[in-house]
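Visitor: Input target23.tsv, format and content: TSV, C-alpha atoms.
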chain	number	residue	atom	x	y	z
G	253	MET	CA	-59.75	-17.43	-4.15
G	254	VAL	CA	-63.52	-17.71	-3.73
G	255	ARG	CA	-64.03	-14.70	-5.99
G	256	LYS	CA	-61.78	-16.28	-8.62
G	257	LEU	CA	-63.72	-19.54	-8.46
G	258	LYS	CA	-67.03	-17.69	-8.84
G	259	VAL	CA	-65.77	-15.85	-11.93
G	260	ARG	CA	-64.29	-19.02	-13.39
G	261	SER	CA	-67.47	-21.03	-12.81
G	262	LEU	CA	-69.47	-18.32	-14.57
G	263	ALA	CA	-67.11	-18.50	-17.55
G	264	PHE	CA	-67.58	-22.28	-17.71
G	265	PHE	CA	-71.37	-21.89	-17.56
G	266	VAL	CA	-71.16	-19.48	-20.52
G	267	LEU	CA	-69.01	-21.95	-22.48
G	268	ALA	CA	-71.43	-24.77	-21.66
G	269	GLY	CA	-74.30	-22.67	-22.94
G	270	LEU	CA	-72.45	-21.92	-26.17
G	271	GLY	CA	-71.57	-25.60	-26.54
G	272	LEU	CA	-75.20	-26.62	-26.12
G	273	VAL	CA	-76.58	-24.01	-28.52
G	274	THR	CA	-74.04	-24.63	-31.26
G	275	ALA	CA	-74.38	-28.40	-30.95
G	276	TRP	CA	-78.14	-28.30	-31.38
G	277	ILE	CA	-78.00	-25.77	-34.19
G	278	PHE	CA	-75.48	-27.70	-36.27
G	279	ASN	CA	-76.96	-31.07	-35.36
G	280	GLY	CA	-80.34	-29.76	-36.50
G	281	ILE	CA	-78.89	-28.60	-39.80
G	282	ALA	CA	-77.17	-31.97	-40.30
G	283	VAL	CA	-80.34	-33.95	-39.56
G	284	MET	CA	-82.52	-31.77	-41.79
G	285	ASN	CA	-80.07	-32.27	-44.65
G	286	ASN	CA	-79.81	-36.04	-44.07
G	287	GLN	CA	-76.04	-35.81	-43.69
G	288	ASP	CA	-74.01	-38.94	-42.92
G	289	TYR	CA	-72.13	-38.55	-39.64
G	290	ILE	CA	-69.84	-41.56	-40.23
G	291	LYS	CA	-68.69	-40.34	-43.63
G	292	ALA	CA	-68.28	-36.81	-42.28
G	293	TRP	CA	-66.17	-38.04	-39.36
G	294	PHE	CA	-63.98	-40.50	-41.24
G	295	GLY	CA	-64.25	-39.52	-44.90
G	296	THR	CA	-60.75	-38.12	-45.39
G	297	ALA	CA	-57.41	-38.12	-43.56
G	298	VAL	CA	-58.25	-34.67	-42.19
G	299	ASP	CA	-61.56	-35.98	-40.90
G	300	TRP	CA	-59.72	-38.86	-39.19
G	301	VAL	CA	-57.31	-36.43	-37.51
G	302	LEU	CA	-60.09	-34.25	-36.15
G	303	SER	CA	-62.36	-37.15	-35.17
G	304	VAL	CA	-59.66	-39.17	-33.39
G	305	ASP	CA	-58.39	-36.00	-31.73
G	306	LEU	CA	-61.88	-35.23	-30.43
G	307	LEU	CA	-62.37	-38.87	-29.34
G	308	ILE	CA	-59.14	-38.94	-27.33
G	309	VAL	CA	-59.97	-35.61	-25.69
G	310	ALA	CA	-63.49	-36.86	-24.87
G	311	ILE	CA	-62.14	-40.06	-23.28
G	312	ALA	CA	-59.61	-38.07	-21.25
G	313	ALA	CA	-62.35	-35.66	-20.15
G	314	ALA	CA	-64.61	-38.57	-19.13
G	315	ILE	CA	-61.83	-40.15	-17.06
G	316	PHE	CA	-61.09	-36.80	-15.43
G	317	MET	CA	-64.78	-36.25	-14.61
G	318	ILE	CA	-65.11	-39.69	-13.02
G	319	TYR	CA	-62.06	-39.41	-10.79
G	320	GLU	CA	-62.43	-35.72	-9.97
G	321	GLY	CA	-66.10	-36.19	-9.23
G	322	LYS	CA	-65.27	-39.02	-6.84
G	323	ARG	CA	-62.55	-36.96	-5.13
G	324	LEU	CA	-64.86	-33.99	-4.54
G	325	GLY	CA	-67.98	-35.97	-3.79
G	326	LEU	CA	-69.91	-34.76	-6.83
G	327	LYS	CA	-73.02	-36.85	-7.44
G	328	ARG	CA	-74.27	-38.44	-10.69
G	329	VAL	CA	-71.14	-37.71	-12.72
G	330	TRP	CA	-72.23	-40.46	-15.14
G	331	LEU	CA	-75.03	-38.14	-16.29
G	332	TYR	CA	-72.51	-35.71	-17.78
G	333	ILE	CA	-70.99	-38.53	-19.81
G	334	ALA	CA	-74.39	-39.89	-20.87
G	335	LEU	CA	-75.58	-36.42	-21.90
G	336	SER	CA	-72.52	-36.05	-24.12
G	337	SER	CA	-73.93	-38.70	-26.45
G	338	VAL	CA	-77.13	-36.76	-27.08
G	339	THR	CA	-75.80	-33.19	-26.80
G	340	ALA	CA	-72.06	-32.52	-27.04
G	341	MET	CA	-68.91	-32.76	-24.96
G	342	ALA	CA	-68.61	-29.02	-25.65
G	343	PHE	CA	-71.66	-28.66	-23.40
G	344	THR	CA	-71.17	-31.32	-20.73
G	345	PHE	CA	-67.45	-30.84	-19.99
G	346	PRO	CA	-67.63	-27.06	-19.32
G	347	LEU	CA	-70.82	-27.74	-17.33
G	348	PHE	CA	-68.93	-30.28	-15.21
G	349	LEU	CA	-66.07	-27.82	-14.69
G	350	ALA	CA	-68.55	-25.13	-13.59
G	351	MET	CA	-70.20	-27.49	-11.10
G	352	ARG	CA	-66.75	-28.59	-9.93
G	353	ASP	CA	-65.88	-24.96	-9.13
G	354	ARG	CA	-69.18	-24.58	-7.27
G	355	LYS	CA	-68.23	-27.62	-5.20
G	356	LEU	CA	-64.80	-26.13	-4.50
G	357	ILE	CA	-66.48	-22.91	-3.35
G	358	GLU	CA	-68.75	-24.92	-1.07
G	359	GLN	CA	-65.75	-26.71	0.42
G	360	ARG	CA	-63.72	-23.53	0.88
G	361	LEU	CA	-66.72	-21.95	2.62
G	362	ALA	CA	-67.16	-25.07	4.77
G	363	GLY	CA	-70.73	-25.42	3.56
G	364	GLY	CA	-71.69	-21.94	4.74
G	365	LYS	CA	-72.06	-18.57	3.09
G	366	LEU	CA	-70.06	-15.37	3.21
G	367	GLU	CA	-71.68	-11.94	3.34
G	368	ARG	CA	-70.07	-8.49	3.38
G	369	PHE	CA	-71.28	-5.33	5.10
G	370	GLU	CA	-69.81	-1.97	6.09
G	371	PHE	CA	-69.88	-0.30	9.49
G	372	ASP	CA	-68.35	3.13	10.07
G	373	GLY	CA	-65.77	2.73	7.32
G	374	HIS	CA	-64.96	-0.88	8.27
G	375	LEU	CA	-65.64	-3.74	5.91
G	376	VAL	CA	-67.10	-6.67	7.82
G	377	ASP	CA	-67.10	-10.17	6.32
G	378	ILE	CA	-69.54	-12.51	8.03
G	379	TRP	CA	-69.37	-16.26	7.53
G	380	VAL	CA	-72.61	-18.02	8.41
G	381	PRO	CA	-72.71	-21.81	8.89
G	382	LYS	CA	-75.31	-23.87	7.08
G	383	ASP	CA	-77.24	-24.59	10.26
G	384	VAL	CA	-77.96	-21.52	12.41
G	385	ASN	CA	-80.23	-21.53	15.44
G	386	PRO	CA	-80.79	-19.23	18.43
G	387	LYS	CA	-77.96	-20.99	20.31
G	388	THR	CA	-75.32	-20.52	17.59
G	389	SER	CA	-72.06	-19.05	18.89
G	390	VAL	CA	-70.55	-15.82	17.56
G	391	LEU	CA	-66.82	-15.26	17.03
G	392	VAL	CA	-65.59	-11.70	16.33
G	393	MET	CA	-62.14	-11.44	14.75
G	394	HIS	CA	-59.89	-8.46	14.03
G	395	ASP	CA	-57.74	-7.78	10.93
G	396	GLY	CA	-60.58	-9.15	8.83
G	397	ARG	CA	-58.70	-8.90	5.56
G	398	ASN	CA	-56.47	-11.78	6.74
G	399	ILE	CA	-59.22	-14.17	7.80
G	400	PHE	CA	-60.95	-15.73	4.79
G	401	ASP	CA	-59.36	-15.00	1.41
G	402	GLU	CA	-55.68	-15.09	0.43
G	403	GLN	CA	-56.37	-12.42	-2.19
G	404	ASP	CA	-57.31	-9.95	0.54
G	405	SER	CA	-54.64	-10.92	3.04
G	406	PHE	CA	-51.74	-8.57	3.70
G	407	THR	CA	-49.35	-11.55	3.80
G	408	GLY	CA	-51.02	-13.76	1.18
G	409	LYS	CA	-51.97	-16.25	3.92
G	410	THR	CA	-55.07	-16.58	6.09
G	411	TRP	CA	-55.93	-17.99	9.50
G	412	GLU	CA	-57.63	-20.93	7.71
G	413	VAL	CA	-60.52	-20.65	10.12
G	414	LEU	CA	-63.01	-22.25	7.75
G	415	SER	CA	-60.70	-25.18	7.06
G	416	ALA	CA	-60.41	-25.71	10.81
G	417	LEU	CA	-64.18	-25.55	11.25
G	418	ARG	CA	-64.71	-27.97	8.37
G	419	ASP	CA	-62.03	-30.55	9.24
G	420	GLU	CA	-61.00	-30.28	12.90
G	421	VAL	CA	-63.71	-28.66	15.01
G	422	ARG	CA	-66.47	-31.05	15.99
G	423	SER	CA	-68.69	-28.64	17.91
G	424	PRO	CA	-71.42	-26.74	16.02
G	425	ALA	CA	-69.72	-24.00	14.02
G	426	PRO	CA	-70.04	-20.39	15.14
G	427	ILE	CA	-70.87	-17.39	13.02
G	428	VAL	CA	-67.48	-15.83	12.24
G	429	VAL	CA	-67.36	-12.03	12.01
G	430	ALA	CA	-64.16	-10.69	10.41
G	431	VAL	CA	-63.79	-6.95	10.99
G	432	TRP	CA	-61.38	-5.12	8.70
G	433	GLY	CA	-59.41	-2.22	10.10
G	434	LYS	CA	-60.32	1.26	8.99
G	435	SER	CA	-56.86	1.56	7.38
G	436	ASP	CA	-53.45	-0.05	7.63
G	437	GLU	CA	-51.94	3.27	8.70
G	438	THR	CA	-54.15	3.62	11.77
G	439	ARG	CA	-54.21	-0.06	12.77
G	440	ILE	CA	-52.02	0.30	15.86
G	441	ARG	CA	-54.02	3.27	17.13
G	442	GLU	CA	-57.33	1.49	16.57
G	443	LEU	CA	-56.19	-1.72	18.25
G	444	SER	CA	-54.61	0.08	21.21
G	445	PRO	CA	-56.21	-0.46	24.64
G	446	GLU	CA	-57.11	3.21	24.84
G	447	GLN	CA	-57.52	3.87	28.55
G	448	ILE	CA	-54.22	2.16	29.33
G	449	VAL	CA	-52.24	3.82	26.53
G	450	ARG	CA	-53.58	7.30	27.31
G	451	GLU	CA	-51.85	7.18	30.68
G	452	ASP	CA	-48.52	7.71	28.86
G	453	VAL	CA	-48.80	7.64	25.07
G	454	GLU	CA	-45.11	8.23	24.39
G	455	PHE	CA	-44.08	5.40	26.71
G	456	PHE	CA	-46.22	2.88	24.85
G	457	TRP	CA	-44.98	4.05	21.45
G	458	ARG	CA	-41.31	4.15	22.37
G	459	ASN	CA	-40.48	0.71	20.88
G	460	LEU	CA	-42.18	1.42	17.55
G	461	PRO	CA	-40.46	2.83	14.44
G	462	ASP	CA	-40.99	6.52	13.73
G	463	SER	CA	-42.59	5.60	10.39
G	464	TYR	CA	-45.58	4.22	12.31
G	465	ARG	CA	-46.36	7.72	13.59
G	466	ALA	CA	-47.46	9.06	10.20
G	467	THR	CA	-51.11	9.44	11.24
G	468	GLY	CA	-50.42	10.30	14.88
G	469	THR	CA	-50.19	8.32	18.10
G	470	GLU	CA	-53.47	9.02	19.90
G	471	PRO	CA	-55.33	5.72	20.51
G	472	PHE	CA	-58.97	5.20	19.64
G	473	GLY	CA	-59.49	1.63	20.78
G	474	ASP	CA	-62.57	2.57	22.81
G	475	SER	CA	-64.53	3.59	19.72
G	476	TYR	CA	-63.45	0.38	18.02
G	477	VAL	CA	-64.59	-1.76	20.96
G	478	SER	CA	-67.89	0.15	20.97
G	479	LEU	CA	-68.27	-0.53	17.25
G	480	LEU	CA	-67.89	-4.25	17.92
G	481	ALA	CA	-70.08	-4.44	21.02
G	482	ASP	CA	-72.77	-1.88	20.26
G	483	ALA	CA	-73.16	-2.11	16.49
G	484	ILE	CA	-71.70	-5.23	14.88
G	485	VAL	CA	-72.60	-7.90	17.44
G	486	PRO	CA	-76.22	-6.67	17.84
G	487	PHE	CA	-76.56	-6.58	14.05
G	488	VAL	CA	-75.34	-10.17	13.76
G	489	LEU	CA	-77.65	-11.38	16.51
G	490	GLU	CA	-80.69	-9.75	14.91
G	491	ARG	CA	-79.91	-10.65	11.31
G	492	TYR	CA	-79.36	-14.35	11.99
G	493	GLY	CA	-81.84	-14.82	14.84
G	494	VAL	CA	-79.26	-15.64	17.52
G	495	GLU	CA	-79.83	-15.21	21.24
G	496	HIS	CA	-76.95	-13.44	22.95
G	497	SER	CA	-74.98	-15.23	25.64
G	498	ILE	CA	-71.49	-14.33	26.86
G	499	ASP	CA	-70.75	-18.08	26.98
G	500	ARG	CA	-71.24	-18.18	23.22
G	501	THR	CA	-69.63	-14.87	22.26
G	502	ALA	CA	-65.85	-14.61	21.83
G	503	VAL	CA	-63.41	-12.04	20.49
G	504	MET	CA	-60.20	-13.19	18.80
G	505	GLY	CA	-57.08	-11.63	17.33
G	506	ALA	CA	-53.31	-11.76	17.01
G	507	SER	CA	-50.51	-9.37	17.97
G	508	MET	CA	-52.18	-5.97	18.53
G	509	GLY	CA	-55.41	-7.86	17.87
G	510	GLY	CA	-54.59	-9.96	20.92
G	511	LEU	CA	-54.25	-6.85	23.08
G	512	ILE	CA	-57.54	-5.35	21.90
G	513	SER	CA	-59.30	-8.72	22.35
G	514	MET	CA	-58.34	-8.85	26.02
G	515	TYR	CA	-59.19	-5.16	26.36
G	516	ALA	CA	-62.63	-5.74	24.81
G	517	LEU	CA	-63.26	-8.55	27.29
G	518	GLY	CA	-62.46	-6.18	30.16
G	519	GLN	CA	-64.38	-3.21	28.82
G	520	ARG	CA	-67.47	-5.11	27.65
G	521	PRO	CA	-67.81	-8.26	29.78
G	522	ASP	CA	-71.56	-7.97	29.20
G	523	VAL	CA	-71.00	-8.78	25.51
G	524	PHE	CA	-67.90	-10.98	25.35
G	525	GLY	CA	-67.26	-14.02	27.50
G	526	THR	CA	-63.97	-15.19	26.00
G	527	ALA	CA	-60.86	-13.49	24.62
G	528	ILE	CA	-58.58	-15.57	22.38
G	529	CYS	CA	-55.25	-13.82	21.88
G	530	PHE	CA	-52.51	-15.23	19.64
G	531	SER	CA	-48.97	-13.85	19.92
G	532	THR	CA	-50.22	-11.17	22.28
G	533	HIS	CA	-48.11	-8.08	21.60
G	534	TRP	CA	-46.92	-7.43	25.15
G	535	VAL	CA	-43.87	-5.46	23.98
G	536	PHE	CA	-46.31	-2.60	23.33
G	537	GLY	CA	-45.98	-1.31	26.88
G	538	GLU	CA	-44.27	-4.39	28.34
G	539	ASP	CA	-45.01	-4.87	32.08
G	540	ARG	CA	-47.31	-1.86	32.16
G	541	MET	CA	-49.45	-3.30	29.39
G	542	VAL	CA	-49.55	-6.69	31.09
G	543	ARG	CA	-50.69	-5.31	34.43
G	544	GLY	CA	-52.99	-2.69	32.90
G	545	LEU	CA	-54.84	-5.17	30.71
G	546	ILE	CA	-55.24	-7.81	33.39
G	547	ASP	CA	-56.31	-5.27	36.04
G	548	GLN	CA	-59.30	-4.28	33.91
G	549	LEU	CA	-60.46	-7.85	33.25
G	550	PRO	CA	-63.62	-9.07	34.98
G	551	GLN	CA	-63.31	-11.54	37.81
G	552	PRO	CA	-63.08	-15.13	36.57
G	553	GLY	CA	-66.11	-17.34	36.55
G	554	GLN	CA	-68.08	-16.73	33.39
G	555	HIS	CA	-65.13	-15.17	31.57
G	556	ARG	CA	-62.14	-16.89	30.02
G	557	VAL	CA	-58.78	-16.00	28.47
G	558	TRP	CA	-56.52	-17.70	25.94
G	559	THR	CA	-53.18	-15.94	25.46
G	560	ASP	CA	-50.16	-17.55	23.80
G	561	SER	CA	-46.75	-16.86	22.32
G	562	GLY	CA	-44.30	-18.25	19.83
G	563	THR	CA	-40.52	-18.24	20.21
G	564	ILE	CA	-39.11	-16.96	16.92
G	565	GLU	CA	-39.36	-13.80	14.80
G	566	LEU	CA	-41.16	-11.02	16.68
G	567	ASP	CA	-42.52	-13.59	19.12
G	568	GLN	CA	-39.04	-14.21	20.51
G	569	TYR	CA	-39.45	-11.03	22.60
G	570	TYR	CA	-42.77	-12.09	24.14
G	571	PRO	CA	-42.07	-14.98	26.59
G	572	PRO	CA	-40.88	-12.87	29.59
G	573	PHE	CA	-44.02	-10.71	29.41
G	574	HIS	CA	-46.17	-13.69	28.49
G	575	ASN	CA	-44.98	-15.52	31.61
G	576	LEU	CA	-45.73	-12.44	33.71
G	577	ALA	CA	-49.20	-12.32	32.17
G	578	ALA	CA	-49.79	-15.99	32.98
G	579	GLU	CA	-48.73	-15.46	36.62
G	580	THR	CA	-50.85	-12.31	36.94
G	581	LEU	CA	-53.92	-13.96	35.42
G	582	MET	CA	-53.64	-16.89	37.80
G	583	ALA	CA	-53.14	-14.52	40.72
G	584	LYS	CA	-56.38	-12.82	39.67
G	585	GLY	CA	-58.12	-16.17	39.97
G	586	TYR	CA	-58.19	-17.48	36.38
G	587	LEU	CA	-57.61	-21.22	36.64
G	588	PRO	CA	-55.59	-23.07	33.97
G	589	GLY	CA	-57.76	-25.36	31.91
G	590	ASP	CA	-61.30	-24.29	31.23
G	591	GLN	CA	-60.80	-20.65	32.29
G	592	LEU	CA	-57.26	-20.00	31.11
G	593	VAL	CA	-54.77	-21.16	28.47
G	594	THR	CA	-51.25	-19.68	28.41
G	595	SER	CA	-49.41	-21.91	25.95
G	596	ILE	CA	-46.03	-21.23	24.37
G	597	TYR	CA	-45.55	-22.74	20.90
G	598	PRO	CA	-41.84	-23.45	20.23
G	599	ASN	CA	-40.44	-22.61	16.79
G	600	THR	CA	-43.48	-20.62	15.75
G	601	GLY	CA	-43.49	-16.95	14.90
G	602	HIS	CA	-45.54	-13.93	14.01
G	603	HIS	CA	-47.50	-14.87	10.93
G	604	GLU	CA	-50.91	-16.13	9.85
G	605	SER	CA	-49.39	-19.44	8.74
G	606	TYR	CA	-48.30	-20.12	12.34
G	607	TRP	CA	-51.59	-18.98	13.87
G	608	ALA	CA	-53.49	-21.19	11.44
G	609	ARG	CA	-51.77	-24.23	12.96
G	610	ARG	CA	-53.38	-23.66	16.36
G	611	VAL	CA	-56.67	-22.01	15.49
G	612	ALA	CA	-58.55	-25.33	15.68
G	613	GLU	CA	-57.13	-26.00	19.14
G	614	ALA	CA	-58.32	-22.61	20.37
G	615	LEU	CA	-61.76	-22.97	18.83
G	616	ASN	CA	-62.22	-26.44	20.31
G	617	TRP	CA	-61.22	-25.11	23.72
G	618	TRP	CA	-63.80	-22.33	23.47
G	619	LEU	CA	-66.66	-24.23	21.83
G	620	ARG	CA	-66.48	-27.52	23.71
G	621	SER	CA	-66.68	-26.02	27.18
G	622	GLY	CA	-70.12	-25.54	28.71
G	623	PRO	CA	-71.40	-22.55	30.66
G	624	ARG	CA	-69.22	-21.34	33.51
G	625	THR	CA	-70.55	-20.83	37.03
Translate this structure into C-alpha cells?
Guide:
Amino acid sequence: MVRKLKVRSLAFFVLAGLGLVTAWIFNGIAVMNNQDYIKAWFGTAVDWVLSVDLLIVAIAAAIFMIYEGKRLGLKRVWLYIALSSVTAMAFTFPLFLAMRDRKLIEQRLAGGKLERFEFDGHLVDIWVPKDVNPKTSVLVMHDGRNIFDEQDSFTGKTWEVLSALRDEVRSPAPIVVAVWGKSDETRIRELSPEQIVREDVEFFWRNLPDSYRATGTEPFGDSYVSLLADAIVPFVLERYGVEHSIDRTAVMGASMGGLISMYALGQRPDVFGTAICFSTHWVFGEDRMVRGLIDQLPQPGQHRVWTDSGTIELDQYYPPFHNLAAETLMAKGYLPGDQLVTSIYPNTGHHESYWARRVAEALNWWLRSGPRT
C-alpha cells in the first residue's frame, strides 16, 4: 500500500505541475490580449454549462479539502483554496491530493521511515522510528513479507505492527527488523531449530504433508540464527547508532517463527533477551520439541519468554503442548508476569489477522518492563 501511495502522490504532483503551467500560459495569453473573463465564462449557453460545472466541482473540491484536511491533520488547507483564485484549481486540487497521500504514507509508517536491504539472499525491511537514540530497542521479526505491506503478504494481511506502535504502544518505539525468508519452499527448514531436529529428522517431519519435502528435509536454522545475530543485528546497531543490550533486543515470530524465536533466544542469549512467540508450532515434534526447546533456553533472570496459542484452525492442536510448555518453563524457573507469558486466546486461529489483535499487548509487555536482575 505504501508503494501505491508513493506512485499515486507522484502522479498527482505531475498533474499539479501541468495544471500550474497551463493555467499561467493561458492566463498570460488572455491578459496580453485583453480578453474579458466574464464574457468568456458566461457569454453563451455552452459557456454557462462549462463555467457552472467547473464552479460546482471547485466548491465540492474545497469542501473535501477542508474536511479531509481536518481529518488527517493537514495544516493550512485554506492556502490551497486561496491559491486557487490566483493560479487554478487544476493546480491546487492535485497538489492537495498529493500532500494528502504523503500524509497517509506518514501515518501508515507511524511517522518513521522504511528501508530495504539484502543479506545472504534475504530481503530485510527495517522500520526506523522518527526519534532514534543509543537506547532505542530493536525487534527482529521473521516472515518479513507479512509484516508491513499487504501487497507483499502471503495472506494479504499483515501483523499491523506499525498501527500498534502508532496507536496502542506508549513506550518509545523500537526499530523493527522484518527478515524475509530465503524462499517459501525452504521456510520450514530455515525456521527449524536445527540441533533439536537433527536428532531425528524424520520424526519431526512426520506430521507434515509430503509436498513440503520438495526441497528436502535437512534443517538449516543455525545458519539463519547466525544471520540474525552476527550480521543483521550488528548492522542495525551500527547504522542507527544504537547501543546493544539484551534487555532491549527481542526476536518475534509466529508458528514456525515462534519455534525459531525461542531457539534463537537459547542459542544466542548474548544477543537476544526476549522471545515473543505467537501460535508456537509445537506440533512440529510435539513433546520432544517442547522439551528440546526449553532445555536449551538460558536460565531465567535477564531473559524472558512470551508463548501463546489460539483455539481454532491449526491452533486447535496446540493447547496440550502449549500447556506442557508453560509447565516446563515454570519448572525451569521462568516466573509468570514479567519473565513469562503463556496466554491462550479463545476463538483465534492461525493467521496474521489474529496475531495483529495481540501484537500491541506483546509489545507493551516487552517494552514497558525495565532491566531484569
Visitor: Could you tell me how far CA of Trp618 in chain G sits from CA of His603 in chain G, in Å to one decimal place?
Guide: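 Here the two named atoms are 21.9 Å from each other.
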Visitor: Calculated over only C-alpha atoms, which of the candidates G:Val488, G:Val301, G:Leu257, G:Leu417 has the smallest distance to Lys355 in chain G?
Guide: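 The closest residue to Lys355 in chain G is G:Leu257.
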Visitor: Taking all atoms listed in the file into account, which of G:Ala608, G:Arg491, G:Ala516, G:Ile546 comes nearest Phe400 in chain G?
Guide: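 The closest residue to Phe400 in chain G is G:Ala608.
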Visitor: Out of G:Glu613, G:Asp560, G:Glu565, G:Asp401, which residue has the shortest atom-to-atom distance to Ser595 in chain G when counting all atoms listed in the file?
Guide: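 Under the stated criterion, the closest residue is G:Asp560.
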Visitor: To one decimal place in Å, what is the distance between CA of Ala527 in chain G and CA of Ala481 in chain G?
Guide: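 If I compute the distance from CA of Ala527 in chain G to CA of Ala481 in chain G, I get 13.4 Å.
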Visitor: Can you list, as an MDAnalysis selection string, every protein, DNA or RNA residue that comes within 9 Å of range 548-551 of chain G when you count all atoms listed in the file, leaving out same-chain residues fewer than 4 positions away?
Guide: chainID G and resid 514:519 521 543:544 555 584:586
Visitor: Restricting the calculation to only C-alpha atoms, which member of G:Met351, G:Val503, G:Leu414, G:Ile315 is positioned closest to Trp379 in chain G?
Guide: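 Once distances to Trp379 in chain G are computed over only C-alpha atoms, the minimum belongs to G:Leu414.
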Visitor: Between CA of Met393 in chain G and CA of Ile440 in chain G, what is the distance, to one decimal in Å?
Guide: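 Separation of CA of Met393 in chain G and CA of Ile440 in chain G: 15.5 Å.
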Visitor: Grab all the atoms of range 598-616 of chain G that the file lists, wrap them in a box along x, y and z, add 8 Å per side, and give me centre plus edge lengths in Å (one decimal) as AutoDock Vina command-line options.
Guide:
--center_x -51.3 --center_y -20.2 --center_z 14.6 --size_x 37.8 --size_y 28.5 --size_z 27.6
Visitor: Just give me the residues with any atom within 10 Å of (-62.1, 2.9, 8.3), file coordinates, counting all atoms listed in the file, written as a list of chain:residue names.
Guide: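 All residues meeting the 10 Å criterion around (-62.1, 2.9, 8.3) are G:Glu370, G:Phe371, G:Asp372, G:Gly373, G:His374, G:Leu375, G:Trp432, G:Gly433, G:Lys434, G:Ser435, G:Asp436, G:Thr438, G:Arg439, G:Glu442.
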Visitor: Contacts of range 267-284 of chain G at 7 Å or less, counting all atoms listed in the file, minus same-chain residues fewer than 2 places along, as a PDB file with C-alpha atoms, in the coordinates of the input?
Guide:
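So the final result, stored in part-v2.pdb, reads:
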ATOM      1  CA  ALA G 263     -67.110 -18.500 -17.550  1.00  0.00           C
ATOM      2  CA  PHE G 264     -67.580 -22.280 -17.710  1.00  0.00           C
ATOM      3  CA  PHE G 265     -71.370 -21.890 -17.560  1.00  0.00           C
ATOM      4  CA  ASN G 286     -79.810 -36.040 -44.070  1.00  0.00           C
ATOM      5  CA  GLN G 287     -76.040 -35.810 -43.690  1.00  0.00           C
ATOM      6  CA  THR G 339     -75.800 -33.190 -26.800  1.00  0.00           C
ATOM      7  CA  ALA G 340     -72.060 -32.520 -27.040  1.00  0.00           C
ATOM      8  CA  ALA G 342     -68.610 -29.020 -25.650  1.00  0.00           C
ATOM      9  CA  PHE G 343     -71.660 -28.660 -23.400  1.00  0.00           C
ATOM     10  CA  THR G 344     -71.170 -31.320 -20.730  1.00  0.00           C
ATOM     11  CA  PRO G 346     -67.630 -27.060 -19.320  1.00  0.00           C
ATOM     12  CA  LEU G 347     -70.820 -27.740 -17.330  1.00  0.00           C
TER      13      LEU G 347
END
Visitor: Using all atoms listed in the file, find the one residue out of G:Met341, G:Gln359, G:Gly295, G:Asn575 that sits nearest to Leu324 in chain G.
Guide: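 Of the candidates, the smallest distance to Leu324 in chain G is held by G:Gln359.
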Visitor: Find the residue from G:Ala310, G:Arg323, G:Ser423, G:Val453 that sits nearest to Ser336 in chain G; use all atoms listed in the file when measuring.
Guide: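 Checking each candidate against Ser336 in chain G, we get G:Ala310 as the closest.
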Visitor: Save range 353-366 of chain G to a file: C-alpha atoms, as a short mmCIF file (atom, residue, chain, number, x, y, z; two decimals), in the first residue's frame.
Guide:
data_model
loop_
_atom_site.label_atom_id
_atom_site.label_comp_id
_atom_site.auth_asym_id
_atom_site.auth_seq_id
_atom_site.Cartn_x
_atom_site.Cartn_y
_atom_site.Cartn_z
CA ASP G 353 -1.14 10.85 0.08
CA ARG G 354 2.12 11.93 1.69
CA LYS G 355 0.25 12.33 4.97
CA LEU G 356 -1.30 8.88 4.55
CA ILE G 357 2.18 7.44 3.98
CA GLU G 358 3.41 9.17 7.12
CA GLN G 359 0.52 7.72 9.11
CA ARG G 360 0.95 4.21 7.72
CA LEU G 361 4.66 4.40 8.60
CA ALA G 362 3.81 5.70 12.08
CA GLY G 363 5.97 8.75 11.48
CA GLY G 364 9.06 6.67 10.74
CA LYS G 365 10.82 5.51 7.61
CA LEU G 366 11.18 2.15 5.91
#
